[in-house]
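A.B. asks: Here it is: the structure, laid out below.
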Amino acid sequence: MSGVGFGMGQRPVNRRQRAVKALWTGIWLVYLSAPVTDLLHGGHSAGVRVLGWIGLAAFVTWYMLLVFRTGRGERNAVVLGSLGVLAAQSTLLALTLGREWLVLFVYVSIASGAALPLRMARWTIPAACALLTAVALATQGGNSFLAGLLIPALLGGFAMTGVRELVRTTIALREARATVAQLAANEERLRLARDLHDLLGHSLSLITLKSELAGRMLPDHPDKAARQVTDIERVSRQALVDVREAVTGYRRPRLSAELAGAGVALTAAGVTADLPAEPDLTGVPEASETALAWALREAVTNVVRHSGARRCTVEFLHRQTLDGPVLELAVEDDGSGAGDGYGNGLTGLHERLTTASGTLDAGPVGQGFRLVARVPSAGPADVGSPA
């Protein structure tokens, strides 16, 4: 999807998502107010203030680059070197400009937890805190700042290790889900191949045998050859029916499966999904359920690919109309990317619903897009019955 939000462990794929990640990464820089206040009102000379601003800008830039690129596969040696640069900048600025600059060591500890694996961060975070303690003791008045900075440095650093492990686990689960889906698709292909082999093996063998027999009978016994040709036609027609039934059975979606798939697809796309329980399908014709399942799949696909929505609501309602009882599916999102006209997907969906004696309404509503599909919830023999 092209919206702003993106899931944990997913890299930003467009400019807006990169801006959001940069905002969330940089929002914690608000705690640099102490160094900024020192530069503005600390009584430093003009030259010292210029150097201080340059040093602070270099620290922030290095810190943002390190944390923003977390999880992109950099070697640990590169990350350790970057942390060494941050620690050296923090030490130099704190020793030369005063105790207000000790807060930089908190960012060094947090960057250690965010950018290094736990086996290394459990050593670098205490090392950053030890360096903070040493510099605080060597700085005039640093003792009064030490207690207020040491605990946030420790807790913040180790909290970031937990966040890093959570992101790692999320990425692993997403990759495992994709692998499972691929394996399931491959298994389904193999199963279809086996069934088609079982369906067609006997029929094609029989057709081949009867064709050879008809060829031998044709010169001397044309009447018997004609009977063989008739048998060939009957067997081939039955084989065609069997193949169509097999393929239709594999392609026919079910509402229960589509509801589950909709939840997975919307969640993976970062869309908050409000899904109902599976509707009561007692007495609903198979064609109606299939058409409604296709409608749900197409609607969710449009939300994920084109809408840019952040929330999607799905509802099922049983209604009584002049033409009989109907089962209604409504899918509404708060995005703006679906457009006003019918595309190929909605056109094909309209044709499917028409085949099942259903209807389709789709169009903008408020700040989003709404799709409503209706299908008969009773067979022709049940329409008008007391039920």
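Identifiers in this document derive from the order of the structure tokens: chains are assigned A, B, ..., residues are numbered from 1 separately in each chain, and ligands are numbered from 1 in order of occurrence.
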Which residues come within 9 Å of Leu80 in chain A, counting only C-alpha atoms, excluding same-chain residues fewer than 4 positions away, as a list in words?
C.D. replies: Arg75, Asn76, Gly84, Val85, Ser112, Ala115, Leu116 and Thr124 of chain A
A.B. asks: Those residues you just picked out, can you put them in a file as a tab-separated table (two decimals), in the first residue's frame with N, CA and C atoms?
C.D. replies:
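Wrote it out as selection.tsv, contents follow:
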```tsv
chain	number	residue	atom	x	y	z
A	75	ARG	N	28.04	-4.58	8.96
A	75	ARG	CA	28.90	-5.42	9.79
A	75	ARG	C	29.03	-4.80	11.18
A	76	ASN	N	29.19	-5.68	12.17
A	76	ASN	CA	29.29	-5.20	13.54
A	76	ASN	C	30.51	-4.30	13.74
A	84	GLY	N	32.07	4.22	18.54
A	84	GLY	CA	33.29	4.84	19.06
A	84	GLY	C	33.37	6.31	18.73
A	85	VAL	N	32.94	6.67	17.50
A	85	VAL	CA	32.93	8.08	17.11
A	85	VAL	C	31.96	8.86	17.98
A	112	SER	N	23.74	1.87	21.05
A	112	SER	CA	24.34	0.54	21.22
A	112	SER	C	23.28	-0.54	21.24
A	115	ALA	N	21.57	-0.83	17.58
A	115	ALA	CA	22.35	-1.20	16.39
A	115	ALA	C	23.18	-2.46	16.54
A	116	LEU	N	23.33	-2.97	17.76
A	116	LEU	CA	24.17	-4.14	17.97
A	116	LEU	C	23.34	-5.33	18.46
A	124	THR	N	28.64	-3.28	25.49
A	124	THR	CA	28.83	-1.88	25.09
A	124	THR	C	27.96	-0.93	25.91
```
A.B. asks: What's the 9 Å shell around Ala153 in chain A, counting only C-alpha atoms, without same-chain residues fewer than 6 positions away, as a PyMOL selection string?
C.D. replies: chain A and resi 103+105-110+125-126+128-129
A.B. asks: Tell me, as a ChimeraX atom specification, which residues lie within 10 Å of range 227-242 of chain A, counting only C-alpha atoms; anything in the same chain fewer than 6 positions away does not count.
C.D. replies: /A:196,199-204,206-215,217-218,248
A.B. asks: Would you please extract all strand (DSSP E or B) residues from range 261-385 of chain A, as assigned by DSSP on the backbone, and give them as a PyMOL selection string?
C.D. replies: chain A and resi 272-274+311-321+324-333+359-365+368-376
A.B. asks: Could you check the closest approach to Ala77 in chain A for each of A:Val30, A:Val372, A:Gly261, A:Met120 and tell me which residue wins, using only C-alpha atoms?
C.D. replies: A:Met120
A.B. asks: To one decimal place in Å, what is the distance between CA of Ser90 in chain A and CA of Leu102 in chain A?
C.D. replies: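 Atom-to-atom, CA of Ser90 in chain A and CA of Leu102 in chain A are spaced 7.1 Å apart.
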A.B. asks: Hey, can you check how far CA of Leu154 in chain A sits from CA of Ala114 in chain A?
C.D. replies: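 Distance reported for this atom pair: 12.8 Å.
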A.B. asks: Return the single residue from A:Ala269, A:Val314, A:Ala373, A:Val78 that is closest to Trp294 in chain A, with distances computed using only C-alpha atoms.
C.D. replies: A:Ala373
A.B. asks: Find the spatial neighbours of Val36 in chain A, counting only C-alpha atoms, within a cut-off of 12 Å - ignore same-chain residues fewer than 6 positions away - and output them as a list in words.
C.D. replies: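 That gives Leu29, Val30, Gly42, Arg49, Val50, Gly52, Trp53, Ile54, Gly55, Leu56, Ala57, Leu97, Glu100, Trp101, Val103 and Leu104 of chain A.
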A.B. asks: Output C-alpha atoms of each residue in that selection to a file, as a PDB file, in the first residue's frame.
C.D. replies:
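Okay, this is what ended up in result-v5.pdb:
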```
ATOM      1  CA  LEU A  29      16.319  14.418  20.349  1.00  0.00           C
ATOM      2  CA  VAL A  30      14.107  16.720  22.421  1.00  0.00           C
ATOM      3  CA  GLY A  42      25.870  29.388  29.019  1.00  0.00           C
ATOM      4  CA  ARG A  49      29.417  28.580  20.615  1.00  0.00           C
ATOM      5  CA  VAL A  50      30.144  28.083  16.914  1.00  0.00           C
ATOM      6  CA  GLY A  52      29.676  23.736  20.035  1.00  0.00           C
ATOM      7  CA  TRP A  53      26.927  23.984  17.412  1.00  0.00           C
ATOM      8  CA  ILE A  54      29.145  22.243  14.881  1.00  0.00           C
ATOM      9  CA  GLY A  55      29.935  19.476  17.371  1.00  0.00           C
ATOM     10  CA  LEU A  56      26.254  19.010  18.300  1.00  0.00           C
ATOM     11  CA  ALA A  57      25.186  18.906  14.642  1.00  0.00           C
ATOM     12  CA  LEU A  97      31.708  22.627  27.392  1.00  0.00           C
ATOM     13  CA  GLU A 100      25.065  19.776  30.438  1.00  0.00           C
ATOM     14  CA  TRP A 101      26.640  17.742  27.633  1.00  0.00           C
ATOM     15  CA  VAL A 103      23.281  13.677  28.256  1.00  0.00           C
ATOM     16  CA  LEU A 104      24.968  12.689  24.978  1.00  0.00           C
TER      17      LEU A 104
END
```
A.B. asks: Can you measure CA of Glu187 in chain A to CA of Glu258 in chain A for me? One decimal in Å is fine.
C.D. replies: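 That distance, rounded to one decimal, is 19.1 Å.
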A.B. asks: From the list A:Leu349, A:Ala193, A:Leu259, A:Ala94, which residue is nearest Pro276 in chain A when using only C-alpha atoms?
C.D. replies: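 Checking each candidate against Pro276 in chain A, we get A:Leu259 as the closest.
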A.B. asks: Which residue out of A:His44, A:Arg15, A:Arg244, A:Arg370 has the minimum interatomic distance to Leu296 in chain A when only C-alpha atoms are used?
C.D. replies: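 When distances to Leu296 in chain A are compared using only C-alpha atoms, the smallest one comes from A:Arg370.
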A.B. asks: Could you find all residues in range 129-340 of chain A that DSSP calls helix (DSSP H, G or I) from the backbone, and write them as a VMD selection string?
C.D. replies: chain A and resid 129 to 138 143 to 217 222 to 251 255 to 268 286 to 307
A.B. asks: Looking at A:Ala268, A:Leu51, A:Ala134, A:Ala147, which one is nearest to Ala178 in chain A, with distances taken over only C-alpha atoms?
C.D. replies: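 Looking at the shortest contact to Ala178 in chain A, the residue is A:Ala268.
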